[in-house]
>>> print(open('my_file_14.txt').read())   # compact mmCIF, C-alpha atoms
# COMPACT_ATOMS: atom_id res chain seq x y z
CA MET A 11 91.65 -233.36 -30.16
CA ARG A 12 93.47 -230.57 -31.98
CA PHE A 13 97.16 -230.37 -32.80
CA GLY A 14 99.46 -227.73 -34.21
CA SER A 15 103.18 -227.48 -34.87
CA GLY A 16 105.66 -224.94 -36.15
CA VAL A 17 109.38 -224.89 -36.90
CA GLU A 18 111.44 -221.81 -37.63
CA ARG A 19 115.11 -221.23 -38.33
CA ALA A 20 116.60 -218.20 -36.60
CA ALA A 21 117.70 -215.44 -38.97
CA THR A 22 120.83 -215.07 -36.83
CA ALA A 23 122.25 -217.04 -33.92
CA GLY A 24 121.02 -214.33 -31.56
CA ASP A 25 117.46 -214.22 -32.89
CA LEU A 26 116.13 -217.42 -31.38
CA ALA A 27 113.41 -215.41 -29.64
CA GLY A 28 112.06 -214.23 -32.98
CA ALA A 29 112.06 -217.78 -34.35
CA ALA A 30 110.33 -218.97 -31.17
CA ARG A 31 107.57 -216.38 -31.56
CA LEU A 32 106.90 -217.41 -35.16
CA ALA A 33 106.97 -221.15 -34.42
CA ALA A 34 104.60 -220.73 -31.49
CA ALA A 35 102.21 -218.64 -33.55
CA THR A 36 102.12 -221.28 -36.29
CA ALA A 37 101.41 -224.05 -33.78
CA ARG A 38 98.73 -222.01 -32.01
CA ALA A 39 96.95 -221.12 -35.26
CA ALA A 40 95.92 -224.74 -35.80
CA LEU A 41 94.12 -224.95 -32.45
CA GLY A 42 91.12 -222.85 -33.39
CA GLY A 43 91.75 -220.25 -30.72
CA GLU A 44 91.94 -222.73 -27.83
CA ALA A 45 94.84 -222.72 -25.40
CA PRO A 46 96.79 -225.99 -25.57
CA ASP A 47 96.53 -228.51 -22.77
CA LEU A 48 100.09 -229.63 -23.57
CA ALA A 49 102.94 -227.95 -25.42
CA CYS A 50 106.42 -229.17 -26.26
CA VAL A 51 109.30 -226.93 -27.34
CA PHE A 52 112.67 -228.00 -28.72
CA ILE A 53 115.42 -225.47 -29.32
CA SER A 54 118.78 -225.67 -31.05
CA GLY A 55 121.22 -222.85 -30.37
CA LEU A 56 124.75 -221.89 -29.42
CA ASP A 57 124.01 -219.98 -26.24
CA VAL A 58 122.07 -221.45 -23.32
CA GLU A 59 120.78 -218.03 -22.25
CA ASP A 60 119.37 -217.42 -25.74
CA ILE A 61 117.76 -220.86 -25.65
CA ALA A 62 116.17 -220.12 -22.27
CA THR A 63 114.84 -216.77 -23.52
CA ALA A 64 113.33 -218.45 -26.58
CA GLY A 65 111.66 -221.00 -24.31
CA GLU A 66 110.13 -218.21 -22.23
CA VAL A 67 108.77 -216.62 -25.42
CA VAL A 68 107.06 -219.88 -26.41
CA ALA A 69 105.57 -220.29 -22.93
CA ALA A 70 104.18 -216.74 -23.00
CA GLU A 71 102.79 -217.08 -26.53
CA LEU A 72 101.00 -220.38 -25.89
CA ALA A 73 99.88 -220.09 -22.25
CA ALA A 74 99.62 -223.88 -22.24
CA GLY A 75 98.20 -225.80 -19.33
CA ALA A 76 101.39 -227.89 -19.29
CA LEU A 77 104.71 -227.47 -21.09
CA ILE A 78 107.92 -229.46 -21.40
CA GLY A 79 110.95 -228.78 -23.57
CA CYS A 80 114.68 -229.12 -24.02
CA SER A 81 117.69 -227.95 -25.95
CA ALA A 82 118.99 -230.14 -28.76
CA SER A 83 121.63 -230.37 -31.45
CA GLY A 84 118.84 -230.01 -34.00
CA VAL A 85 115.06 -229.77 -34.17
CA ILE A 86 112.35 -231.35 -36.28
CA GLY A 87 109.10 -229.98 -37.66
CA SER A 88 106.59 -231.14 -40.24
CA GLY A 89 108.71 -232.11 -43.25
CA THR A 90 111.77 -230.28 -41.94
CA GLY A 91 114.91 -231.13 -40.01
CA CYS A 92 117.30 -228.42 -38.79
CA GLU A 93 120.69 -229.75 -37.72
CA LEU A 94 123.44 -227.80 -35.97
CA GLU A 95 121.78 -224.44 -36.64
CA PRO A 96 119.70 -222.11 -34.47
CA ALA A 97 116.07 -223.15 -34.76
CA VAL A 98 112.92 -223.72 -32.72
CA ALA A 99 110.26 -226.42 -33.04
CA VAL A 100 106.94 -226.08 -31.19
CA TRP A 101 104.16 -228.63 -30.81
CA ALA A 102 100.83 -227.94 -29.14
CA ALA A 103 97.80 -230.10 -28.41
CA VAL A 104 94.25 -229.67 -27.13
CA LEU A 105 93.41 -232.97 -25.41
CA PRO A 106 89.85 -232.93 -24.06
CA GLY A 107 89.33 -235.65 -21.48
CA ALA A 108 93.04 -236.27 -21.02
CA ARG A 109 95.00 -235.92 -17.81
CA VAL A 110 98.39 -234.24 -18.25
CA GLN A 111 100.91 -234.28 -15.38
CA THR A 112 104.36 -232.76 -15.83
CA PHE A 113 107.37 -233.52 -13.64
CA HIS A 114 111.03 -232.74 -13.06
CA LEU A 115 113.29 -235.56 -11.90
CA ASP A 116 116.33 -234.87 -9.76
CA VAL A 117 119.09 -237.22 -8.64
CA VAL A 118 120.33 -237.49 -5.07
CA ARG A 119 123.54 -239.40 -4.35
CA SER A 120 123.82 -241.51 -1.21
CA PRO A 121 126.14 -244.26 0.07
CA ASP A 122 123.65 -246.77 -1.33
CA GLY A 123 123.72 -245.29 -4.85
CA LEU A 124 121.46 -242.90 -6.73
CA THR A 125 117.91 -241.96 -5.84
CA VAL A 126 115.62 -240.32 -8.40
CA LEU A 127 113.11 -237.87 -6.91
CA GLY A 128 110.09 -236.20 -8.46
CA LEU A 129 108.24 -238.98 -10.30
CA PRO A 130 104.47 -238.58 -9.80
CA ASP A 131 102.45 -241.49 -8.49
CA PRO A 132 101.16 -243.31 -11.58
CA GLU A 133 97.45 -243.55 -12.25
CA ILE A 134 95.80 -246.73 -13.43
CA ASP A 135 94.73 -245.13 -16.72
CA ASP A 136 98.08 -243.53 -17.60
CA ALA A 137 98.63 -244.18 -21.29
CA VAL A 138 102.17 -242.96 -21.99
CA GLY A 139 105.07 -241.01 -20.54
CA VAL A 140 107.42 -238.61 -22.32
CA LEU A 141 110.93 -238.18 -20.91
CA LEU A 142 113.57 -235.57 -21.87
CA ALA A 143 116.82 -236.17 -19.99
CA ASP A 144 120.15 -234.45 -19.49
CA PRO A 145 122.80 -237.06 -20.35
CA TRP A 146 125.42 -235.45 -18.09
CA SER A 147 123.53 -235.58 -14.81
CA PHE A 148 120.73 -238.14 -15.13
CA PRO A 149 121.17 -241.96 -15.15
CA VAL A 150 118.80 -242.37 -18.05
CA ASP A 151 119.75 -245.93 -19.03
CA GLY A 152 119.19 -247.27 -15.52
CA PHE A 153 116.03 -245.21 -15.03
CA VAL A 154 114.48 -246.39 -18.30
CA GLU A 155 115.27 -250.00 -17.44
CA LEU A 156 113.82 -249.59 -13.93
CA SER A 157 110.69 -247.93 -15.35
CA ASN A 158 109.57 -251.35 -16.54
CA GLU A 159 109.14 -252.34 -12.88
CA VAL A 160 108.16 -248.97 -11.36
CA LEU A 161 105.70 -248.12 -14.15
CA PRO A 162 104.72 -251.59 -15.41
CA GLY A 163 103.10 -251.57 -18.81
CA LEU A 164 103.54 -247.83 -19.31
CA PRO A 165 105.42 -246.98 -22.52
CA LEU A 166 108.05 -244.23 -22.32
CA VAL A 167 109.21 -242.21 -25.31
CA GLY A 168 111.67 -239.35 -25.54
CA GLY A 169 115.36 -238.67 -25.88
CA LEU A 170 118.58 -237.26 -24.48
CA ALA A 171 118.73 -233.48 -24.59
CA GLY A 172 121.74 -231.27 -25.30
CA SER A 173 122.84 -228.49 -27.60
CA ALA A 174 125.65 -227.49 -29.91
CA LEU A 175 127.57 -226.59 -26.74
CA ALA A 176 129.39 -229.84 -26.02
CA THR A 177 130.47 -228.89 -22.49
CA ALA A 178 129.25 -230.91 -19.55
CA GLY A 179 127.05 -228.93 -17.22
CA ARG A 180 126.53 -226.04 -19.66
CA SER A 181 124.88 -227.49 -22.71
CA THR A 182 121.46 -228.58 -21.47
CA TRP A 183 118.29 -226.54 -20.99
CA LEU A 184 115.18 -228.31 -19.72
CA ALA A 185 111.76 -226.75 -19.26
CA CYS A 186 108.85 -227.91 -17.13
CA ASP A 187 105.90 -225.49 -17.10
CA ASP A 188 107.28 -222.16 -15.83
CA ASP A 189 110.56 -223.58 -14.51
CA ALA A 190 113.89 -224.17 -16.25
CA PHE A 191 116.66 -226.61 -15.26
CA ASP A 192 120.15 -227.52 -16.41
CA SER A 193 120.18 -231.04 -14.94
CA GLY A 194 118.00 -234.04 -14.28
CA ALA A 195 115.07 -234.83 -16.55
CA VAL A 196 111.64 -233.45 -17.34
CA GLY A 197 108.62 -235.22 -18.65
CA VAL A 198 104.89 -235.67 -18.71
CA LEU A 199 102.47 -238.49 -17.93
CA ILE A 200 99.41 -238.53 -20.18
CA GLY A 201 96.33 -240.49 -19.22
CA GLY A 202 92.58 -240.48 -19.21
CA GLU A 203 90.64 -240.27 -22.45
CA VAL A 204 93.50 -240.12 -24.91
CA ASP A 205 94.34 -242.12 -28.02
CA VAL A 206 98.10 -242.71 -28.26
CA SER A 207 100.42 -245.23 -29.89
CA THR A 208 104.19 -245.67 -30.04
CA VAL A 209 106.33 -246.55 -33.04
CA VAL A 210 110.03 -247.43 -32.84
CA SER A 211 112.31 -247.96 -35.84
CA GLN A 212 115.81 -249.18 -35.01
CA GLY A 213 117.09 -248.92 -38.56
CA CYS A 214 118.91 -252.24 -38.90
CA ARG A 215 118.89 -255.21 -41.26
CA PRO A 216 119.70 -258.75 -40.05
CA VAL A 217 122.55 -260.70 -41.65
CA GLY A 218 123.66 -264.26 -41.17
CA PRO A 219 121.67 -266.96 -39.34
CA THR A 220 119.73 -266.75 -36.10
CA MET A 221 121.69 -268.33 -33.24
CA VAL A 222 121.05 -269.41 -29.68
CA VAL A 223 123.33 -268.04 -26.99
CA THR A 224 124.94 -271.13 -25.46
CA GLY A 225 127.43 -269.34 -23.22
CA ALA A 226 127.37 -265.87 -21.64
CA ASP A 227 128.92 -263.88 -18.82
CA GLY A 228 127.22 -260.54 -18.22
CA ASN A 229 127.56 -258.55 -21.44
CA GLU A 230 130.02 -261.04 -22.96
CA LEU A 231 128.78 -263.67 -25.37
CA LEU A 232 131.04 -266.69 -24.86
CA SER A 233 129.51 -269.07 -27.37
CA LEU A 234 126.85 -269.01 -30.07
CA ALA A 235 125.19 -272.19 -31.31
CA GLY A 236 127.81 -274.21 -29.43
CA THR A 237 130.75 -272.43 -31.11
CA PRO A 238 133.05 -269.85 -29.47
CA ALA A 239 131.40 -266.51 -30.17
CA SER A 240 134.35 -264.86 -31.93
CA GLU A 241 134.77 -267.94 -34.12
CA LYS A 242 131.07 -267.89 -34.99
CA LEU A 243 131.30 -264.21 -35.88
CA GLN A 244 134.19 -264.94 -38.23
CA GLU A 245 132.09 -267.63 -39.92
CA VAL A 246 129.23 -265.17 -40.41
CA LEU A 247 131.51 -262.42 -41.77
CA THR A 248 133.17 -264.81 -44.22
CA ALA A 249 129.78 -265.87 -45.63
CA LEU A 250 128.58 -262.28 -46.23
CA ASP A 251 128.81 -260.54 -49.58
CA PRO A 252 131.52 -257.84 -49.78
CA GLU A 253 129.07 -254.95 -49.27
CA ASP A 254 127.49 -256.39 -46.12
CA ARG A 255 130.92 -257.43 -44.82
CA GLU A 256 132.12 -253.85 -45.14
CA LEU A 257 129.06 -252.60 -43.26
CA ALA A 258 129.63 -255.17 -40.52
CA LEU A 259 133.28 -254.24 -40.14
CA THR A 260 132.45 -250.55 -39.72
CA GLY A 261 129.47 -250.83 -37.35
CA LEU A 262 128.34 -254.31 -36.41
CA GLN A 263 125.20 -254.64 -34.29
CA ILE A 264 123.49 -257.59 -32.69
CA GLY A 265 119.77 -258.17 -32.40
CA ILE A 266 118.18 -259.89 -29.40
CA ALA A 267 114.95 -261.61 -30.41
CA MET A 268 111.88 -260.17 -28.69
CA ASP A 269 109.74 -263.26 -29.25
CA GLU A 270 111.64 -266.46 -28.53
CA TYR A 271 108.75 -268.55 -29.84
CA ALA A 272 108.54 -267.04 -33.32
CA GLU A 273 109.41 -269.49 -36.07
CA VAL A 274 111.24 -266.83 -38.10
CA HIS A 275 113.11 -263.75 -36.86
CA GLU A 276 113.42 -261.00 -39.46
CA ARG A 277 113.89 -257.23 -39.55
CA GLY A 278 111.99 -255.51 -36.76
CA ASP A 279 111.86 -258.61 -34.57
CA PHE A 280 114.92 -257.70 -32.49
CA LEU A 281 116.12 -255.31 -29.81
CA ILE A 282 119.28 -253.84 -31.37
CA ARG A 283 122.46 -253.45 -29.36
CA GLY A 284 125.96 -252.50 -30.41
CA VAL A 285 128.93 -254.85 -30.61
CA ALA A 286 131.63 -253.15 -28.54
CA GLY A 287 134.49 -255.48 -29.43
CA LEU A 288 136.12 -258.89 -29.00
CA HIS A 289 137.90 -260.47 -26.06
CA PRO A 290 140.59 -262.55 -27.81
CA ASP A 291 141.70 -264.48 -24.72
CA ARG A 292 138.17 -265.66 -24.01
CA GLY A 293 136.96 -265.93 -27.62
CA SER A 294 134.02 -263.78 -26.61
CA ILE A 295 132.08 -260.86 -28.06
CA VAL A 296 131.33 -257.84 -25.88
CA VAL A 297 127.88 -256.33 -26.54
CA GLY A 298 125.95 -253.38 -25.18
CA ASP A 299 123.54 -255.33 -23.00
CA VAL A 300 123.29 -258.37 -20.77
CA VAL A 301 122.17 -261.38 -22.82
CA GLU A 302 121.19 -264.58 -21.05
CA VAL A 303 121.95 -268.11 -22.13
CA GLY A 304 119.12 -269.45 -24.26
CA ARG A 305 118.24 -266.16 -25.95
CA THR A 306 118.06 -266.00 -29.73
CA VAL A 307 120.30 -263.46 -31.45
CA ARG A 308 121.22 -262.43 -34.97
CA PHE A 309 123.91 -260.05 -36.22
CA GLN A 310 122.74 -256.81 -37.82
CA VAL A 311 124.08 -254.09 -40.12
CA ARG A 312 122.94 -250.51 -40.48
CA ASP A 313 123.08 -248.15 -43.44
CA ALA A 314 120.84 -245.51 -45.00
CA THR A 315 118.95 -248.04 -47.11
CA ALA A 316 118.26 -250.37 -44.17
CA ALA A 317 117.19 -247.47 -41.96
CA HIS A 318 114.90 -246.04 -44.66
CA ASP A 319 113.33 -249.41 -45.44
CA GLU A 320 112.69 -250.33 -41.82
CA LEU A 321 111.12 -246.97 -40.98
CA THR A 322 108.92 -247.24 -44.07
CA GLU A 323 107.90 -250.74 -43.03
CA VAL A 324 106.89 -249.86 -39.47
CA LEU A 325 104.98 -246.77 -40.62
CA THR A 326 103.10 -248.82 -43.21
CA ARG A 327 102.24 -251.38 -40.56
CA PHE A 328 101.00 -248.60 -38.26
CA ARG A 329 98.76 -247.12 -40.96
CA THR A 330 97.34 -250.56 -41.71
CA ASP A 331 96.72 -251.53 -38.09
CA VAL A 332 95.85 -248.16 -36.53
CA GLY A 333 95.27 -245.50 -39.18
CA ALA A 334 96.48 -241.95 -39.79
CA ALA A 335 97.76 -239.90 -36.86
CA ARG A 336 96.55 -236.39 -36.04
CA GLY A 337 99.62 -235.28 -34.12
CA ALA A 338 103.02 -236.82 -33.43
CA LEU A 339 106.29 -236.30 -31.59
CA LEU A 340 109.48 -237.62 -33.21
CA PHE A 341 112.74 -238.30 -31.39
CA SER A 342 115.37 -239.12 -33.99
CA CYS A 343 119.02 -239.99 -33.39
CA ASN A 344 121.48 -237.23 -34.22
CA GLY A 345 123.26 -239.82 -36.38
CA ARG A 346 120.18 -240.24 -38.61
CA GLY A 347 120.31 -236.82 -40.23
CA ALA A 348 122.46 -235.60 -43.09
CA SER A 349 125.37 -237.82 -42.08
CA MET A 350 123.28 -240.93 -42.80
CA PHE A 351 120.71 -239.85 -45.37
CA GLY A 352 122.33 -236.83 -47.01
CA THR A 353 119.54 -234.59 -45.71
CA ALA A 354 118.30 -233.60 -42.26
CA ASP A 355 114.71 -233.77 -43.54
CA HIS A 356 114.60 -237.55 -44.11
CA ASP A 357 112.86 -238.78 -40.96
CA ALA A 358 110.57 -235.75 -40.70
CA LYS A 359 109.33 -236.20 -44.27
CA LEU A 360 109.00 -239.98 -44.07
CA VAL A 361 107.14 -239.94 -40.75
CA GLY A 362 104.92 -237.05 -41.84
CA ALA A 363 103.93 -238.85 -45.03
CA GLY A 364 103.83 -242.33 -43.51
CA LEU A 365 101.47 -241.32 -40.71
CA ASP A 366 99.69 -238.66 -42.78
CA VAL A 367 100.14 -236.43 -39.76
CA PRO A 368 99.69 -232.64 -40.11
CA ALA A 369 101.31 -231.66 -36.79
CA LEU A 370 104.77 -233.12 -36.16
CA ALA A 371 107.66 -231.88 -34.05
CA GLY A 372 110.67 -233.28 -32.22
CA PHE A 373 114.43 -233.15 -32.04
CA PHE A 374 117.68 -234.91 -32.89
CA ALA A 375 118.69 -236.76 -29.72
CA GLY A 376 121.87 -238.27 -28.37
CA GLY A 377 119.91 -241.39 -27.44
CA GLU A 378 116.27 -242.28 -27.94
CA ILE A 379 113.74 -243.80 -25.56
CA GLY A 380 111.01 -246.12 -26.76
CA PRO A 381 109.35 -249.48 -26.07
CA VAL A 382 110.39 -252.63 -27.93
CA GLY A 383 108.81 -255.97 -27.15
CA GLY A 384 106.68 -254.45 -24.41
CA ARG A 385 109.64 -253.03 -22.44
CA ASN A 386 111.13 -249.54 -22.43
CA HIS A 387 114.71 -249.21 -23.67
CA LEU A 388 117.33 -246.58 -24.42
CA HIS A 389 118.39 -246.84 -28.07
CA GLY A 390 120.87 -245.42 -30.54
CA PHE A 391 120.39 -244.60 -34.25
CA THR A 392 116.65 -245.01 -33.71
CA ALA A 393 113.51 -243.07 -34.56
CA SER A 394 111.04 -243.15 -31.65
CA ILE A 395 107.56 -241.80 -32.31
CA LEU A 396 104.55 -240.94 -30.16
CA ALA A 397 101.43 -240.74 -32.32
CA PHE A 398 98.09 -239.26 -31.24
CA GLY A 399 94.86 -240.30 -32.93
CA GLY A 400 94.39 -242.88 -35.61
CA GLY A 401 92.29 -245.31 -33.61
CA ASP A 402 89.68 -245.64 -30.91
CA SER A 403 90.40 -244.16 -27.48
>>> encode(input="my_file_14.txt", output="structure tokens")
Amino acid sequence: MRFGSGVERAATAGDLAGAARLAAATARAALGGEAPDLACVFISGLDVEDIATAGEVVAAELAAGALIGCSASGVIGSGTGCELEPAVAVWAAVLPGARVQTFHLDVVRSPDGLTVLGLPDPEIDDAVGVLLADPWSFPVDGFVELSNEVLPGLPLVGGLAGSALATAGRSTWLACDDDAFDSGAVGVLIGGEVDVSTVVSQGCRPVGPTMVVTGADGNELLSLAGTPASEKLQEVLTALDPEDRELALTGLQIGIAMDEYAEVHERGDFLIRGVAGLHPDRGSIVVGDVVEVGRTVRFQVRDATAAHDELTEVLTRFRTDVGAARGALLFSCNGRGASMFGTADHDAKLVGAGLDVPALAGFFAGGEIGPVGGRNHLHGFTASILAFGGGDS
């Protein structure tokens, strides 16, 4: 396998094509003259037509066997993050023995609901899927959840596309091979002889005790450990130190334990979901997922230190268990850049160093897709990584 990546800032907002040409040339140079079997392009810009033109330049420069891409609020390259500025990131891979199948998903409305068209029939040796979705037109949350039944055991990684244009129906550019779209989703299934792994860092730190859900109604937690949920939350907040209490009051999360049988549940052992609010009349807590009675949960807080430490921890575990990666795609939340860490380069540098990966590219997403506990989920404030190499096929 060979991998290459390039990232270039545009000299001016209208010179995305020039940045695309340079980024593609840098990515191609690492492939030893071979045409890539798969290329990914991520473009941040203010004008959708300029973004589309830049995507065409990348496609022409690489002549890849398969290509997917999207617009984004910012792009990521090896050691570099570019937020809210015109820039292009290109990633290219030669994957001998791999099967690469691109697709575009469209949504058809009917009296019975939504039907998603375009998903290829899965193969028994499919290893991973990458999904880039338009948040305005594609039911990504429901699709990702359903993928666990439609594509059992197949990990999905990716993110929600977009651009600095925050207007529904105008801000998204999606690319699939030689075609461009402004709605739906694009992606690729990768199978055959390919060595891939996924890494997901949700960036939270648990606080307070673990608790069993003793009462629930849909996405409302009615009671925790036999106590009304809002009352239990107040107990937990009161016991926290002032710093953690302030973090909880400004962005409380809840973690749903992935392994109910573990004796201890610590950082990284939970699926993180947001706490949307309280229902005073019912004494309940409204959370961003359906949690069944009997599940183990623990409140969580998120800040730059917690996010940095957890990402460092999962990367260290990956290097210990799997080894260095040779190429990687990174889908990082658009809230994990300069607004959280003070620099847009944080995740790109940490992942590049942590995986010792020479070819890295990705984008800042409005929601990230990645497997946790063996199931695919849509996340927020997460870094989702697809790593190639580092172990046996």
>>> residues_around(input="my_file_14.txt", residues="Gln310 in chain A", least_positions_apart="3", cutoff="10 Å", atoms="all atoms listed in the file", output="ChimeraX atom specification")
/A:213-218,254,257-258,261-265,277,280,282-285,307
>>> closest_residue(input="my_file_14.txt", among="A:Gly362, A:Gly347, A:Gly225, A:Pro130", to="Ser294 in chain A", atoms="all atoms listed in the file")
A:Gly225
>>> atom_distance(input="my_file_14.txt", atom1="CA of Gly169 in chain A", atom2="CA of Gly377 in chain A")
5.5 Å
>>> residues_around(input="my_file_14.txt", residues="Val140 in chain A", least_positions_apart="6", cutoff="9 Å", atoms="only C-alpha atoms", output="count of residues only")
12
>>> closest_residue(input="my_file_14.txt", among="A:Asp313, A:Asp60, A:Glu378, A:Asp135", to="Phe341 in chain A", atoms="all atoms listed in the file")
A:Glu378
>>> residues_near_point(input="my_file_14.txt", point="(128.6, -276.1, -30.2)", cutoff="12 Å", atoms="all atoms listed in the file", output="list in words")
Met221, Val222, Val223, Thr224, Gly225, Leu232, Ser233, Leu234, Ala235, Gly236, Thr237, Pro238, Ala239, Glu241 and Lys242 of chain A
>>> closest_residue(input="my_file_14.txt", among="A:Asp319, A:Leu339, A:Leu388, A:Ser240", to="Leu281 in chain A", atoms="only C-alpha atoms")
A:Leu388
>>> atom_distance(input="my_file_14.txt", atom1="CA of Gly123 in chain A", atom2="CA of Ala143 in chain A")
19.0 Å
>>> closest_residue(input="my_file_14.txt", among="A:Ala35, A:Val367, A:Ala23, A:Val297", to="Ala70 in chain A", atoms="only C-alpha atoms")
A:Ala35
>>> residues_around(input="my_file_14.txt", residues="Thr22 in chain A", least_positions_apart="3", cutoff="10 Å", atoms="all atoms listed in the file", output="list of chain:residue names")
A:Arg19, A:Asp25, A:Leu26, A:Gly28, A:Ala29, A:Glu95, A:Pro96, A:Ala97
>>> residues_near_point(input="my_file_14.txt", point="(105.6, -224.6, -18.5)", cutoff="9 Å", atoms="all atoms listed in the file", output="JSON list (two decimals) with C-alpha atoms, in the frame of the given file")
[["chain", "number", "residue", "atom", "x", "y", "z"],
["A", 49, "ALA", "CA", 102.94, -227.95, -25.42],
["A", 66, "GLU", "CA", 110.13, -218.21, -22.23],
["A", 69, "ALA", "CA", 105.57, -220.29, -22.93],
["A", 73, "ALA", "CA", 99.88, -220.09, -22.25],
["A", 74, "ALA", "CA", 99.62, -223.88, -22.24],
["A", 75, "GLY", "CA", 98.20, -225.80, -19.33],
["A", 76, "ALA", "CA", 101.39, -227.89, -19.29],
["A", 77, "LEU", "CA", 104.71, -227.47, -21.09],
["A", 78, "ILE", "CA", 107.92, -229.46, -21.40],
["A", 79, "GLY", "CA", 110.95, -228.78, -23.57],
["A", 112, "THR", "CA", 104.36, -232.76, -15.83],
["A", 185, "ALA", "CA", 111.76, -226.75, -19.26],
["A", 186, "CYS", "CA", 108.85, -227.91, -17.13],
["A", 187, "ASP", "CA", 105.90, -225.49, -17.10],
["A", 188, "ASP", "CA", 107.28, -222.16, -15.83],
["A", 189, "ASP", "CA", 110.56, -223.58, -14.51],
["A", 190, "ALA", "CA", 113.89, -224.17, -16.25]]
>>> residues_around(input="my_file_14.txt", residues="Ser83 in chain A", least_positions_apart="6", cutoff="8 Å", atoms="all atoms listed in the file", output="tab-separated table (two decimals) with C-alpha atoms, in the coordinates of the input")
chain	number	residue	atom	x	y	z
A	54	SER	CA	118.78	-225.67	-31.05
A	55	GLY	CA	121.22	-222.85	-30.37
A	93	GLU	CA	120.69	-229.75	-37.72
A	94	LEU	CA	123.44	-227.80	-35.97
A	95	GLU	CA	121.78	-224.44	-36.64
A	172	GLY	CA	121.74	-231.27	-25.30
A	173	SER	CA	122.84	-228.49	-27.60
A	174	ALA	CA	125.65	-227.49	-29.91
A	344	ASN	CA	121.48	-237.23	-34.22
A	373	PHE	CA	114.43	-233.15	-32.04
A	374	PHE	CA	117.68	-234.91	-32.89
A	375	ALA	CA	118.69	-236.76	-29.72
>>> decode(input="my_file_14.txt", residues="range 221-232 of chain A", atoms="N, CA and C atoms", output="mmCIF file, in the first residue's frame")
data_model
loop_
_atom_site.group_PDB
_atom_site.id
_atom_site.type_symbol
_atom_site.label_atom_id
_atom_site.label_comp_id
_atom_site.auth_asym_id
_atom_site.auth_seq_id
_atom_site.Cartn_x
_atom_site.Cartn_y
_atom_site.Cartn_z
ATOM 1 N N MET A 221 -24.259 4.870 37.660
ATOM 2 C CA MET A 221 -25.623 4.677 38.161
ATOM 3 C C MET A 221 -26.390 3.792 37.199
ATOM 4 N N VAL A 222 -27.321 3.042 37.731
ATOM 5 C CA VAL A 222 -28.212 2.229 36.916
ATOM 6 C C VAL A 222 -29.489 3.013 36.657
ATOM 7 N N VAL A 223 -29.943 2.988 35.404
ATOM 8 C CA VAL A 223 -31.206 3.625 35.059
ATOM 9 C C VAL A 223 -32.343 2.765 35.600
ATOM 10 N N THR A 224 -33.104 3.315 36.538
ATOM 11 C CA THR A 224 -34.194 2.557 37.158
ATOM 12 C C THR A 224 -35.574 2.996 36.674
ATOM 13 N N GLY A 225 -35.599 4.072 35.871
ATOM 14 C CA GLY A 225 -36.853 4.510 35.273
ATOM 15 C C GLY A 225 -36.562 5.309 34.025
ATOM 16 N N ALA A 226 -37.267 5.019 32.930
ATOM 17 C CA ALA A 226 -37.012 5.724 31.668
ATOM 18 C C ALA A 226 -38.275 5.719 30.826
ATOM 19 N N ASP A 227 -38.386 6.740 29.984
ATOM 20 C CA ASP A 227 -39.487 6.851 29.034
ATOM 21 C C ASP A 227 -38.927 7.488 27.773
ATOM 22 N N GLY A 228 -38.587 6.636 26.787
ATOM 23 C CA GLY A 228 -37.966 7.158 25.575
ATOM 24 C C GLY A 228 -36.617 7.778 25.895
ATOM 25 N N ASN A 229 -36.461 9.064 25.546
ATOM 26 C CA ASN A 229 -35.189 9.742 25.821
ATOM 27 C C ASN A 229 -35.232 10.533 27.132
ATOM 28 N N GLU A 230 -36.185 10.224 27.992
ATOM 29 C CA GLU A 230 -36.236 10.824 29.328
ATOM 30 C C GLU A 230 -35.778 9.816 30.367
ATOM 31 N N LEU A 231 -34.829 10.217 31.196
ATOM 32 C CA LEU A 231 -34.434 9.418 32.342
ATOM 33 C C LEU A 231 -35.295 9.852 33.517
ATOM 34 N N LEU A 232 -36.111 8.937 34.029
ATOM 35 C CA LEU A 232 -37.026 9.265 35.118
ATOM 36 C C LEU A 232 -36.381 9.079 36.481
#
